[in-house]
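A.B. asks: There's a structure below that I have some questions on.
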Amino acid sequence: MKKQCVLLAALAIACGAPAGLTSVDHLGFAAMAQANSGKVTGVVKDSNGEPLIGVTVKVKGTNIGTVTDLNGNYSIKANPSQTLEFSYIGYDAISVPASQAAQVVMLNNERQLDEVVVTAEFGMKRVARTVGSSVQNVKAADIVESGRTDFISALQGRVSGMNVISSGGAPGASTSVVLRSATSLSGNNQPLYVVDGIPMNNTSFNSTEGLAGGDDIMGLTVRNTDYASRGNDFNPEDIESMTVLKGAAAAALYGSDASNGAIIITTKKGRSGRARITYSNQFSWSKAYGWPKIQDTYTNGAYGATNYYYTNHYGGLYDGSIPYYDNAKAVLQTGTLMKHNIALETGNDKMSLRASASFINQDGVVKTTDLKRTNLSLAGRAELTKWLHLEGSMQYVNFKNHKALRGADGPIARSYRWPNVDDMSNIYAEDGAHMRYPNYYTDGDLLNPLFGLMKNKLYDETDRFISAFSLNFTPIDHFYLRAQFGWDVSSSSYESGIHPYYRTYNLTSDDANNSGSYSMTKYNNSDPTINILAGYNNTFNDKFTLGVQVGYHQLENAVKSLSSSGTNFAILDMFSINNCTPASVVSSKRSTKRRIQAISGALELGWNNMLFANFRFRNDWSSTLPVNNRSYFYPAGELSWVITELKPLKDLNWLNYLKLRGAIAQVGKDARPLSINPELEKTGLSGGGYKYGFTGPNPNLKPEMTTSYEVGIEGRFWNNRVNADFTWFKTHCEDQIVQGFRMSYATGFVLNTLNVGTFNTWGWEGHVDVDVVKTKDVTWNIGLNLSHTSSKMTDLPKAVTEYYNAYTWNYGNVRNGTTVGQPITTYSALALERNNKGEVLINPTTGLPIVGTDWKVIGDREPKLRFGITTALRWKSWRLSAMFQGRYHASVYNATMREMMARGFSPQSVELRQDDATYVFNGVLKDGWENTETPHYNTIGVNFAHYGGTALYNADHESWVQNGINYIRCQELRLTYIVPEAWLKRVTRNIMQNASVYVSGNDLFTITNYTGIDVAGNTMSAAAGGTGGEGYDYWSLPSPRTFSFGLSVTF
Amino acid sequence: MLASLFVALSMVSCDSYLDVNRNEDAPDYVDAHLYLAGIEQEYFGLYWDIRALAPLTQMMGTSSYTSFATHYYSLASDAGGEMWRMVYWNQGMNLENMINQSLESESWHLAGIGYAMKAFSWDALTKYHGEVILEDAFKPDQLTHHYDYQEDVYKQVRAWADQAIELLQREDNTNYGSKISGNDWIYSGNIDKWIRFAYTVKARNLASLSNKRDFKEKYYNEFTESCEKGFASGDDDAVLRILGGSADAAYSAYNNFWGPYRGNLSNVYWQHDYAVQLMTGTIPAYDEQGDKIRIDEPSHADYPYELAGPEVNLICDTLPDVGHFDPRALVKLATEKGNPVAYKQENGTYKIGDWFKDVYTDRDTLRTWTFLGSGFTSAAGPVGTAPMFWGRREAATSAKDGVGRWLYRDDAPYIMTTYAELLFDQAEIEFKYGSKSKALELFKKAVAEDMKFTAKYITKGSNIMIGNVAYHQGDKVDAATFNAIANEYLAGPYVGGLSEGTLTLSHIMMQKFIHLFPWGAGEEWVDQRKYFYDVEYTGDYPSTGNGWDLSTVNMKSDNNPTKVFKGFYLAPANVQGRRGTYNKYNNGSPCFRVRPRYNSEYMWNKPYLEQLKPIPGTADNYQCSIPWFAYPGDQPK
């Protein structure tokens, strides 16, 4: 690795040497600046006190010019009597006498309002027109006003090409975000979250992997549990601005973690001027909805004979003589939410400070579930000297979450199985302690989910500290040096426990030797980051701009988990490892570290404010790859052409701005830690010792490579009242490092980590935003964003006919499976056998469809179109806004309905057995004639009541994948009244600056052709990775319908 | 300041900074002996697949692995695929590492133990699946995995065993301390026993070829030599000890797979009717239509059928009352007889009746007990409903059944292979290819050894109350009573009374069935397949139209002297209670091999399965493909 050392040393010299020199030189420079009356220095800021970078400063009537640096500072050769002209894209140009130009404030140009400065690249700013890839800004206000507790859910529907998949409507549900398309079959596909230039950990705890050996007893997996995405710890109120970088071009600077795009967040750092106190709150009530009706025509039983001991409803007719209970109601409640935010800020021209606190207290719609979050933040900036600026932000988060199991193990699914003739809410047996069985039960086949909610434990708690500091060092004109340090560190504990009485036969259990089981995991994350950047910016001949930057980057992701579990409680109700029988206690510890060192470079060329070219590269050295393969280089290039700068187009009235752009970027990705060497485990068998785990190590791993291309066009029309943007992209992913790749066990392993699989993705995204009405009293704005993605697997090893994600193999034989020639987002299933014409084959004896033994692709979860619609209507002080989001033409696996049919729960199952009706499956008999010209069409009637559900459908799950599913959901509806400012100030004697009140609703309704519970259902936690669990609806908990009100005041 | 920071960074950079890709809590390399216990304990996987094998061999009936009970397979399922997983993954690279590291460090004995186990595992694997992946296995970055012909796998098994013997006999100067003895849960580091084990592996391997035309010239000498140097007494039995501990065990796998705590046998596996018939001497007589013959006034109320004569009931004649009672029924089989019942006392509380004994020592009582066998896929057998293995009809639980009984116990060792089994192998080969007198001697010794084997694992029983209900835990007979009856039996007409002239191959093979019940179902299946299930066929081996057609299998009748397993009838045979049909894809054939693990081969290695001959691994009837070891000659191409 000599080469690498040399490179780093060279970089150190390149960056370090000038820094060292100037730090010595500086005193002289500063003194000179004061003394030399021929030089004018100053700073340019916007109306919010934010420094403006790259403002062109010219001495009027001369060719002398410069641009402001990273901190908005400039220095120009001029006499105090001369006039300085300041111009900047998106701002009104101004002229200021040089003698008064120490502090210049430039105002936003209304006409070019949308040509905003995008915040990008380690907290430094770029002008939108210079960017060659697709970038979209999200207004901080939109996130705050979304009514969501976490900012990630708030993004759903607002950004074209961005898909936010929530794992459900429980407090603390995880969210996964995919920009455009997945680029990894098994790994992380989420964008990188960058806060003030420092990556923020957004992992979700993976209970399948993270409960290191300690959770055999509970069987917690990414299917039945879901832990919050750590990104959701972040306080949305602290966000100043948010920029979504969609393409892989982001990776050239942020590294491979940004290969799926990046979401760049800048936090509020306080404003100069008078001190301000802002307080806002929210109070919400939520109601679960959307579960299918359970039929009440037939009772529990089998073959038409009533027997309440059976959970399936294939008994006789229900005569109404016994009361009928809606047991799902027993586990539900009205969810409530209370949120308070307070922020204090102050500052002068040299420094500013902001402190804020936010409290959330939420009770979920499932009983006993709740979430409590406290955020305390402190941020500010200071101009230490003219040439040294400091920025910093710190946030402390405390997060507590009680949850319920999900899916088939969840309380809803279990309550459907409870006999409806028994009141499930009555949970205690006669002794007041044991779990009660349903009447008609003599022993305990059934577990009471309400008892489980009340008595079991599923809890996690996190303390987290996110901090970032940066120093801007501008010793010489046009040069800058920026050093950033960040540390995101958190400590979580995950507890789960099963009460001794939450088990079958508990009434007869020996209470002197209680069972019960408990598991706890302490899980620590530590992610320190260093970025050091040095650069040079200048403008030549007024027309030509040049920017050069080199950087050194270093990051670490360290994870430590310590877990213990035990069984057989000594004391009934005590969930503690100390309460378990000592012989049963098992402990384990696992630590991993990933480290990356990288150098990056960028060259930005601009001509005449019209044509911009951008070249970047980055070389990473990753600790997770074999020594010989650990270095990888990836370049990117962007081009942007603002054609409205051309003479003939410049003066068109209807066309204000039009830009063509394109980008090509390559990204290398490393492996997960510990992929190249074995990680021997203790055996868990008599005698102990070590053994290999499921996954084979791969000492020959190479970095995987993704190449992406995009071209786009964006424009503003008719006085900027119409804003539009369209991007087409294509991505080629090869040498995928696939985790959990299955091959013959003859490899020595069940799962392998291999560089296999090649696929392409492509698609487009666009948005249009129209100010329909724009008068003084009324404004009405409509925004629409649309996106479409396709993909195709082009290569897999010969013996491997399918790649699938085991976590999604959740109910029946349907899973995320793809094969060569198919999209990567398909379902595969043990499909129905079909003849050459594609007609379903029917068993000539039973009349039932025949299920094959091969896994075949049967549908695509990726919709043809994803869309979001936003609209806002303002009338004087009233503002009404709404947001809708949806999908067009996707497949959804309605596993819930499958199970409800199989169990005889659903009303449709009643129709099938009315009057002893028989059901004839469409298809042809497999009798030897099936592939001839004259196959025998099935006429065999199947008696539903006789066969019962599971037998009737046998192993057919394919039929329950519903294709062509569309939906549109009303995500947000909000009415705000803004108290007129003048009146407010007068009434409060200038104490109160702003005040507003609002009422809002979230997830109010969904219009869909889908018949299951949750059309946006997701079977997996975000922790599972890969192409995710979108499109699986299996006893989902949909986002509940929520009504809120609240106020916001500023003093 | 920044400059110095840069310098500092460039100093710590390079490889040392990046050298963190290891789990400080898990090793990427361990000394060879630390693999040993784990590799041995993975042999529990043998019991896992007995759930398929015992129903295939009519040792057990099941409502769980029913597809195997009906000689088919579980579609798109890993059922029956555990041995595959054991050999390739659970032992897999661990065993490879143990052997290779030991060879490298010249720890010859540990390497020898490794090879001995490898030979044993692969022998079991190929006997079960036929063709397996040998050459392409365990090669890093290998993306193709071809199958190897069984004959080559057989040769390799013996080569490994030979290598084991050579290494174990080599002088080894490694100072092991307790490295082997402390981790060896089979022989506690006794190298002589491991040598005898390796020879026994060879003998068992060769014994399966006894139907080969060229056995005498090709394998007999090697077999005999292996037997002589193999197990010398029951102390040499390869049994894998475990920790047990029931609910208090740190890991549930400390407990035996068959114990009540893990509940795998529970109430979904039962003793099969055929096993019961053998051990109780109740193989029925069938009339010409293949029907059982009902008796009007049976002497034993539970058994209203005429029994076959002593030329068929070769084990014992417990019924009706003459009595040469085989006590193994009391231990190997389960019965509801002797279960305690609680009675309500005058004060309202319940109590177990005084006449219920913890352990029965009264032979006359024991002789009257009824043992009921199950059908193929249901507890309801031809005579009555079979109990589960702990003598009741409901599911087993730790509370009711305690730690269990005999081999069905939480802390019972796993039986891999025994001295008695080796004696039976030798008796069979001598009977066929050597001396009849030697065969007789070996046979008697083998049955006597099985008695010792059976007695060794008896756990004294006791009665308990849970609430108002009484349960029996443990065995219902003690070792002393068992041994006393056993001695009588051994001296009786069915063992001691046999002569060179009256000893038949059936005696040997049927006694062997009892010995192997149910832990050795794998070897039993080898025997049954080797003798083609006693199917009536002409020519070299049975096939469609010659031995079976779509709906029936033509079985030799019990009075056919060439029939080896008297009273044994496959499910589609033409006798009462055996008139079912196999899945149509079997084309009438019984099952001759278990398909390789679905989620390894059928999901991820199909192109290579497809290349198998004569029946491709992907064919609907691959499970009917007769393995090489059973053909008198080579497998047809």
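In the structure tokens, each chain is lettered A, B, ... as it comes, each chain's residues begin at 1, and ligands are numbered from 1 in order of appearance.
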Contacts from chain B to chain A, 7 Å maximum, only C-alpha atoms: show me the residue list as an MDAnalysis selection string.
C.D. replies: chainID B and resid 2:3 6:7 10 14 18:28 34:35 37:38 41 75:76 88:89 92:94 133 137:140 143:144 183 242:243 248:251 253:254 600:601 604:607
A.B. asks: Excluding same-chain residues fewer than 5 positions from B:Tyr533, what lies within 12 Å of it counting only C-alpha atoms, as an MDAnalysis selection string?
C.D. replies: chainID B and resid 56:58 524:528 541:542 547:548 553:557 562:571 573 589:592 626 630
A.B. asks: Extract, using only C-alpha atoms, all DNA, RNA and protein residues at most 7 Å from A:Lys45, discarding same-chain residues fewer than 6 positions from it, and format them as a PyMOL selection string.
C.D. replies: chain A and resi 51-52+72+104-106
A.B. asks: Using all heavy atoms, can you export the residues from the last selection as a short mmCIF file (atom, residue, chain, number, x, y, z; two decimals), in the first residue's frame?
C.D. replies:
```cif
data_model
loop_
_atom_site.label_atom_id
_atom_site.label_comp_id
_atom_site.auth_asym_id
_atom_site.auth_seq_id
_atom_site.Cartn_x
_atom_site.Cartn_y
_atom_site.Cartn_z
N PRO A 51 -23.68 34.40 5.16
CA PRO A 51 -22.69 34.90 4.21
C PRO A 51 -22.97 34.40 2.81
O PRO A 51 -23.44 33.28 2.62
CB PRO A 51 -21.36 34.33 4.73
CG PRO A 51 -21.71 33.31 5.74
CD PRO A 51 -23.11 33.51 6.16
N LEU A 52 -22.71 35.22 1.82
CA LEU A 52 -22.92 34.83 0.43
C LEU A 52 -21.57 34.55 -0.20
O LEU A 52 -20.65 35.37 -0.13
CB LEU A 52 -23.64 35.94 -0.33
CG LEU A 52 -25.09 36.18 0.10
CD1 LEU A 52 -25.66 37.43 -0.59
CD2 LEU A 52 -25.96 34.97 -0.20
N GLY A 72 -18.04 34.74 2.80
CA GLY A 72 -18.64 35.97 2.31
C GLY A 72 -17.68 37.14 2.30
O GLY A 72 -18.06 38.27 1.96
N VAL A 104 -22.16 44.33 3.65
CA VAL A 104 -23.11 44.51 2.55
C VAL A 104 -24.19 43.46 2.67
O VAL A 104 -23.91 42.28 2.85
CB VAL A 104 -22.39 44.40 1.19
CG1 VAL A 104 -23.38 44.53 0.05
CG2 VAL A 104 -21.29 45.45 1.09
N VAL A 105 -25.42 43.90 2.60
CA VAL A 105 -26.53 42.94 2.63
C VAL A 105 -27.21 42.95 1.28
O VAL A 105 -27.60 44.00 0.77
CB VAL A 105 -27.53 43.30 3.74
CG1 VAL A 105 -28.74 42.37 3.69
CG2 VAL A 105 -26.86 43.24 5.11
N MET A 106 -27.30 41.83 0.66
CA MET A 106 -27.96 41.73 -0.64
C MET A 106 -29.32 41.07 -0.45
O MET A 106 -29.48 40.17 0.35
CB MET A 106 -27.11 40.90 -1.61
CG MET A 106 -25.79 41.59 -1.94
SD MET A 106 -24.81 40.66 -3.12
CE MET A 106 -25.68 40.97 -4.64
#
```
A.B. asks: Name all residues at most 8 Å from stretch 491-504 of chain B (count only C-alpha atoms; drop same-chain ones fewer than 6 positions away) and give them as a list in words.
C.D. replies: Leu314, Ile315, Cys316, His324, Lys436, Ser437, Leu440, Lys444 and Val447 of chain B
A.B. asks: Excluding stretch 636-649 of chain A and any residue of its chain fewer than 4 positions from it, enumerate the residues within 10 Å of it, using only C-alpha atoms, and give them as a CSV table (one decimal) with N, CA, C and O atoms, in the first residue's frame.
C.D. replies:
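File written: out_22.csv
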```csv
chain,number,residue,atom,x,y,z
A,128,ALA,N,-27.4,27.1,-8.0
A,128,ALA,CA,-28.2,26.1,-8.7
A,128,ALA,C,-27.8,26.0,-10.2
A,128,ALA,O,-27.7,24.9,-10.7
A,129,ARG,N,-27.5,27.1,-10.8
A,129,ARG,CA,-27.3,27.0,-12.3
A,129,ARG,C,-26.0,26.3,-12.6
A,129,ARG,O,-25.9,25.9,-13.7
A,130,THR,N,-25.1,26.2,-11.7
A,130,THR,CA,-23.9,25.6,-12.0
A,130,THR,C,-23.9,24.0,-11.9
A,130,THR,O,-23.0,23.3,-12.2
A,131,VAL,N,-25.0,23.6,-11.3
A,131,VAL,CA,-25.1,22.1,-11.0
A,131,VAL,C,-25.6,21.3,-12.2
A,131,VAL,O,-26.6,21.7,-12.8
A,132,GLY,N,-24.9,20.3,-12.5
A,132,GLY,CA,-25.3,19.5,-13.7
A,132,GLY,C,-26.1,18.3,-13.4
A,132,GLY,O,-26.5,17.5,-14.3
A,133,SER,N,-26.4,18.0,-12.1
A,133,SER,CA,-27.2,16.8,-11.8
A,133,SER,C,-28.5,17.3,-11.1
A,133,SER,O,-28.7,18.5,-10.8
A,248,ALA,N,-25.9,9.8,-8.5
A,248,ALA,CA,-24.7,9.3,-7.9
A,248,ALA,C,-23.6,10.3,-7.9
A,248,ALA,O,-22.6,10.2,-7.2
A,249,ALA,N,-23.8,11.5,-8.6
A,249,ALA,CA,-22.8,12.5,-8.6
A,249,ALA,C,-22.4,13.0,-7.2
A,249,ALA,O,-21.3,13.4,-6.9
A,250,ALA,N,-23.4,12.9,-6.3
A,250,ALA,CA,-23.1,13.3,-4.9
A,250,ALA,C,-22.0,12.5,-4.3
A,250,ALA,O,-21.3,13.0,-3.5
A,251,ALA,N,-21.9,11.2,-4.8
A,251,ALA,CA,-20.9,10.3,-4.2
A,251,ALA,C,-19.5,10.8,-4.4
A,251,ALA,O,-18.6,10.5,-3.6
A,252,ALA,N,-19.3,11.5,-5.5
A,252,ALA,CA,-17.9,11.9,-5.8
A,252,ALA,C,-17.3,12.7,-4.7
A,252,ALA,O,-16.1,12.8,-4.5
A,253,LEU,N,-18.2,13.4,-4.0
A,253,LEU,CA,-17.6,14.2,-2.9
A,253,LEU,C,-17.9,13.5,-1.5
A,253,LEU,O,-17.0,13.5,-0.7
A,602,ALA,N,-11.9,18.4,-7.1
A,602,ALA,CA,-13.0,19.0,-7.9
A,602,ALA,C,-12.4,20.1,-8.7
A,602,ALA,O,-11.6,20.9,-8.2
A,603,LEU,N,-12.9,20.2,-9.9
A,603,LEU,CA,-12.5,21.3,-10.8
A,603,LEU,C,-13.8,21.9,-11.3
A,603,LEU,O,-14.6,21.1,-11.9
A,604,GLU,N,-14.1,23.2,-11.1
A,604,GLU,CA,-15.4,23.8,-11.6
A,604,GLU,C,-15.0,24.9,-12.5
A,604,GLU,O,-14.3,25.8,-12.1
A,605,LEU,N,-15.5,24.8,-13.7
A,605,LEU,CA,-15.2,25.9,-14.7
A,605,LEU,C,-16.6,26.5,-15.1
A,605,LEU,O,-17.5,25.8,-15.3
A,606,GLY,N,-16.5,27.8,-15.2
A,606,GLY,CA,-17.8,28.5,-15.7
A,606,GLY,C,-17.4,29.5,-16.7
A,606,GLY,O,-16.4,30.1,-16.7
A,607,TRP,N,-18.4,29.7,-17.6
A,607,TRP,CA,-18.1,30.7,-18.6
A,607,TRP,C,-19.4,31.5,-18.8
A,607,TRP,O,-20.5,31.0,-19.1
A,608,ASN,N,-19.2,32.8,-18.6
A,608,ASN,CA,-20.2,33.8,-18.9
A,608,ASN,C,-21.5,33.5,-18.1
A,608,ASN,O,-22.6,33.8,-18.6
A,609,ASN,N,-21.4,32.9,-17.0
A,609,ASN,CA,-22.6,32.6,-16.2
A,609,ASN,C,-23.6,31.8,-17.0
A,609,ASN,O,-24.8,31.8,-16.7
A,610,MET,N,-23.1,31.0,-17.9
A,610,MET,CA,-24.0,30.3,-18.8
A,610,MET,C,-23.7,28.9,-18.9
A,610,MET,O,-24.5,28.0,-18.9
A,611,LEU,N,-22.4,28.6,-19.0
A,611,LEU,CA,-21.9,27.3,-19.2
A,611,LEU,C,-21.0,26.9,-18.1
A,611,LEU,O,-20.1,27.6,-17.7
A,612,PHE,N,-21.3,25.7,-17.5
A,612,PHE,CA,-20.6,25.3,-16.4
A,612,PHE,C,-20.2,23.8,-16.6
A,612,PHE,O,-20.9,23.0,-17.0
A,613,ALA,N,-18.9,23.5,-16.2
A,613,ALA,CA,-18.4,22.2,-16.3
A,613,ALA,C,-17.8,21.8,-14.9
A,613,ALA,O,-17.2,22.7,-14.3
A,614,ASN,N,-18.0,20.6,-14.5
A,614,ASN,CA,-17.6,20.2,-13.2
A,614,ASN,C,-17.0,18.9,-13.3
A,614,ASN,O,-17.6,17.9,-13.8
A,615,PHE,N,-15.8,18.7,-12.8
A,615,PHE,CA,-15.1,17.4,-12.8
A,615,PHE,C,-14.7,17.1,-11.4
A,615,PHE,O,-14.2,17.9,-10.7
A,616,ARG,N,-15.0,15.9,-11.0
A,616,ARG,CA,-14.6,15.4,-9.7
A,616,ARG,C,-14.0,14.1,-9.7
A,616,ARG,O,-14.3,13.3,-10.6
A,617,PHE,N,-13.3,13.8,-8.6
A,617,PHE,CA,-12.9,12.4,-8.4
A,617,PHE,C,-12.8,12.1,-6.9
A,617,PHE,O,-12.7,13.1,-6.1
A,618,ARG,N,-12.8,10.9,-6.6
A,618,ARG,CA,-12.5,10.5,-5.3
A,618,ARG,C,-11.8,9.2,-5.3
A,618,ARG,O,-12.1,8.3,-6.1
A,653,ASN,N,-40.4,36.9,-23.1
A,653,ASN,CA,-41.2,37.2,-22.0
A,653,ASN,C,-41.7,35.9,-21.3
A,653,ASN,O,-41.8,35.9,-20.0
A,654,TRP,N,-42.0,35.0,-22.0
A,654,TRP,CA,-42.6,33.8,-21.4
A,654,TRP,C,-41.6,32.8,-20.9
A,654,TRP,O,-41.9,31.9,-20.1
A,655,LEU,N,-40.3,33.0,-21.3
A,655,LEU,CA,-39.3,32.1,-20.8
A,655,LEU,C,-38.3,32.9,-19.9
A,655,LEU,O,-37.6,33.7,-20.4
A,656,ASN,N,-38.3,32.5,-18.7
A,656,ASN,CA,-37.4,33.2,-17.8
A,656,ASN,C,-36.0,32.5,-17.6
A,656,ASN,O,-35.0,33.2,-17.4
A,657,TYR,N,-36.1,31.3,-17.7
A,657,TYR,CA,-34.9,30.5,-17.4
A,657,TYR,C,-35.0,29.1,-18.0
A,657,TYR,O,-36.0,28.5,-17.9
A,658,LEU,N,-33.9,28.7,-18.6
A,658,LEU,CA,-34.0,27.3,-19.1
A,658,LEU,C,-32.5,26.8,-19.1
A,658,LEU,O,-31.6,27.4,-19.5
A,659,LYS,N,-32.4,25.6,-18.5
A,659,LYS,CA,-31.1,25.0,-18.3
A,659,LYS,C,-31.1,23.6,-18.8
A,659,LYS,O,-32.1,22.8,-18.5
A,660,LEU,N,-30.1,23.3,-19.5
A,660,LEU,CA,-29.9,21.9,-19.9
A,660,LEU,C,-28.7,21.3,-19.1
A,660,LEU,O,-27.8,22.1,-18.8
A,661,ARG,N,-28.8,20.1,-18.7
A,661,ARG,CA,-27.7,19.6,-17.8
A,661,ARG,C,-27.5,18.1,-18.1
A,661,ARG,O,-28.4,17.4,-18.6
A,662,GLY,N,-26.4,17.7,-17.7
A,662,GLY,CA,-26.1,16.2,-17.8
A,662,GLY,C,-25.0,15.9,-16.9
A,662,GLY,O,-24.1,16.7,-16.5
A,663,ALA,N,-24.9,14.6,-16.4
A,663,ALA,CA,-23.9,14.2,-15.5
A,663,ALA,C,-23.6,12.7,-15.8
A,663,ALA,O,-24.5,11.9,-16.1
A,664,ILE,N,-22.4,12.4,-15.6
A,664,ILE,CA,-21.9,11.0,-15.6
A,664,ILE,C,-21.2,10.8,-14.3
A,664,ILE,O,-20.3,11.6,-14.0
A,665,ALA,N,-21.5,9.7,-13.6
A,665,ALA,CA,-20.8,9.5,-12.3
A,665,ALA,C,-20.5,8.1,-12.1
A,665,ALA,O,-21.4,7.2,-12.4
A,666,GLN,N,-19.4,7.8,-11.5
A,666,GLN,CA,-19.1,6.4,-11.1
A,666,GLN,C,-19.0,6.4,-9.6
A,666,GLN,O,-18.5,7.3,-9.0
A,667,VAL,N,-19.4,5.3,-9.0
A,667,VAL,CA,-19.2,5.2,-7.6
A,667,VAL,C,-18.7,3.8,-7.3
A,667,VAL,O,-19.3,2.8,-7.7
A,707,THR,N,-22.3,2.8,-12.3
A,707,THR,CA,-22.1,4.0,-13.2
A,707,THR,C,-23.4,4.6,-13.5
A,707,THR,O,-24.3,3.8,-13.9
A,708,SER,N,-23.5,5.8,-13.3
A,708,SER,CA,-24.9,6.4,-13.6
A,708,SER,C,-24.8,7.6,-14.6
A,708,SER,O,-23.7,8.3,-14.6
A,709,TYR,N,-25.8,7.7,-15.3
A,709,TYR,CA,-25.9,8.8,-16.3
A,709,TYR,C,-27.2,9.5,-16.1
A,709,TYR,O,-28.2,8.9,-15.8
A,710,GLU,N,-27.1,10.8,-16.3
A,710,GLU,CA,-28.4,11.5,-16.3
A,710,GLU,C,-28.4,12.8,-17.2
A,710,GLU,O,-27.3,13.4,-17.3
A,711,VAL,N,-29.5,13.1,-17.8
A,711,VAL,CA,-29.6,14.4,-18.5
A,711,VAL,C,-30.9,15.0,-18.0
A,711,VAL,O,-31.8,14.3,-17.6
A,712,GLY,N,-30.9,16.3,-18.0
A,712,GLY,CA,-32.1,16.9,-17.5
A,712,GLY,C,-32.3,18.3,-18.1
A,712,GLY,O,-31.4,18.9,-18.7
A,713,ILE,N,-33.5,18.8,-17.9
A,713,ILE,CA,-33.8,20.2,-18.3
A,713,ILE,C,-34.7,20.8,-17.2
A,713,ILE,O,-35.5,20.1,-16.6
A,714,GLU,N,-34.4,22.1,-16.9
A,714,GLU,CA,-35.2,22.7,-16.0
A,714,GLU,C,-35.5,24.1,-16.5
A,714,GLU,O,-34.7,24.7,-17.2
A,715,GLY,N,-36.7,24.6,-16.2
A,715,GLY,CA,-37.0,26.0,-16.7
A,715,GLY,C,-38.0,26.6,-15.8
A,715,GLY,O,-38.7,26.0,-15.0
```
A.B. asks: List every residue of stretch 619-716 of chain A that DSSP, applied to the backbone of this structure, assigns to helix (DSSP H, G or I), and report them as a list in words.
C.D. replies: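 Reading the DSSP output for stretch 619-716 of chain A, helix (DSSP H, G or I) covers Val627, Asn628, Asn629, Ile643, Thr644, Glu645, Lys647, Pro648, Leu649 and Lys650 of chain A.
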A.B. asks: Which distance in Å separates atom CA of B:Gly348 and atom CA of B:Gly467, to one decimal?
C.D. replies: 12.5 Å
A.B. asks: Quick one: everything within 9 Å of B:Ala285, counting only C-alpha atoms, minus sequence neighbours fewer than 4 positions away in the same chain. Send it as a ChimeraX atom specification.
C.D. replies: /B:290-293,305-309,312,558,567
A.B. asks: Keeping only C-alpha atoms, write the selected residues as a CSV table (one decimal), in the first residue's frame.
C.D. replies:
```csv
chain,number,residue,atom,x,y,z
B,290,GLY,CA,-53.8,-61.0,1.5
B,291,ASP,CA,-56.4,-60.4,4.3
B,292,LYS,CA,-55.8,-61.0,8.0
B,293,ILE,CA,-57.7,-63.8,9.5
B,305,TYR,CA,-56.1,-61.9,14.3
B,306,GLU,CA,-54.4,-65.1,13.6
B,307,LEU,CA,-50.7,-64.9,13.8
B,308,ALA,CA,-48.1,-66.1,11.3
B,309,GLY,CA,-46.2,-69.1,12.4
B,312,VAL,CA,-42.4,-65.8,10.0
B,558,ASP,CA,-43.8,-64.3,4.0
B,567,GLY,CA,-43.9,-59.5,7.7
```
A.B. asks: Find the residues around A:Ile294 up to 10 Å (only C-alpha atoms counted), leave out those fewer than 6 positions away in its own chain, and share them as a list of chain:residue names.
C.D. replies: A:His313, A:Asp326, A:Ala328, A:Tyr416, A:Asn420, A:Met900, A:Gly904, A:Phe905, A:Ser906, A:Pro907, A:Gln908
A.B. asks: Write out as a PyMOL selection string all residues of stretch 801-938 of chain A that backbone DSSP assigns to strand (DSSP E).
C.D. replies: chain A and resi 803-805+814-818+826-832+841-842+851-860+865-875+878-894+918-920+924-925
A.B. asks: If I take atom CA of A:Thr1008 and atom CA of A:Glu899, how far is one from the other in Å, to one decimal?
C.D. replies: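 Between these atoms lies a distance of 20.9 Å.
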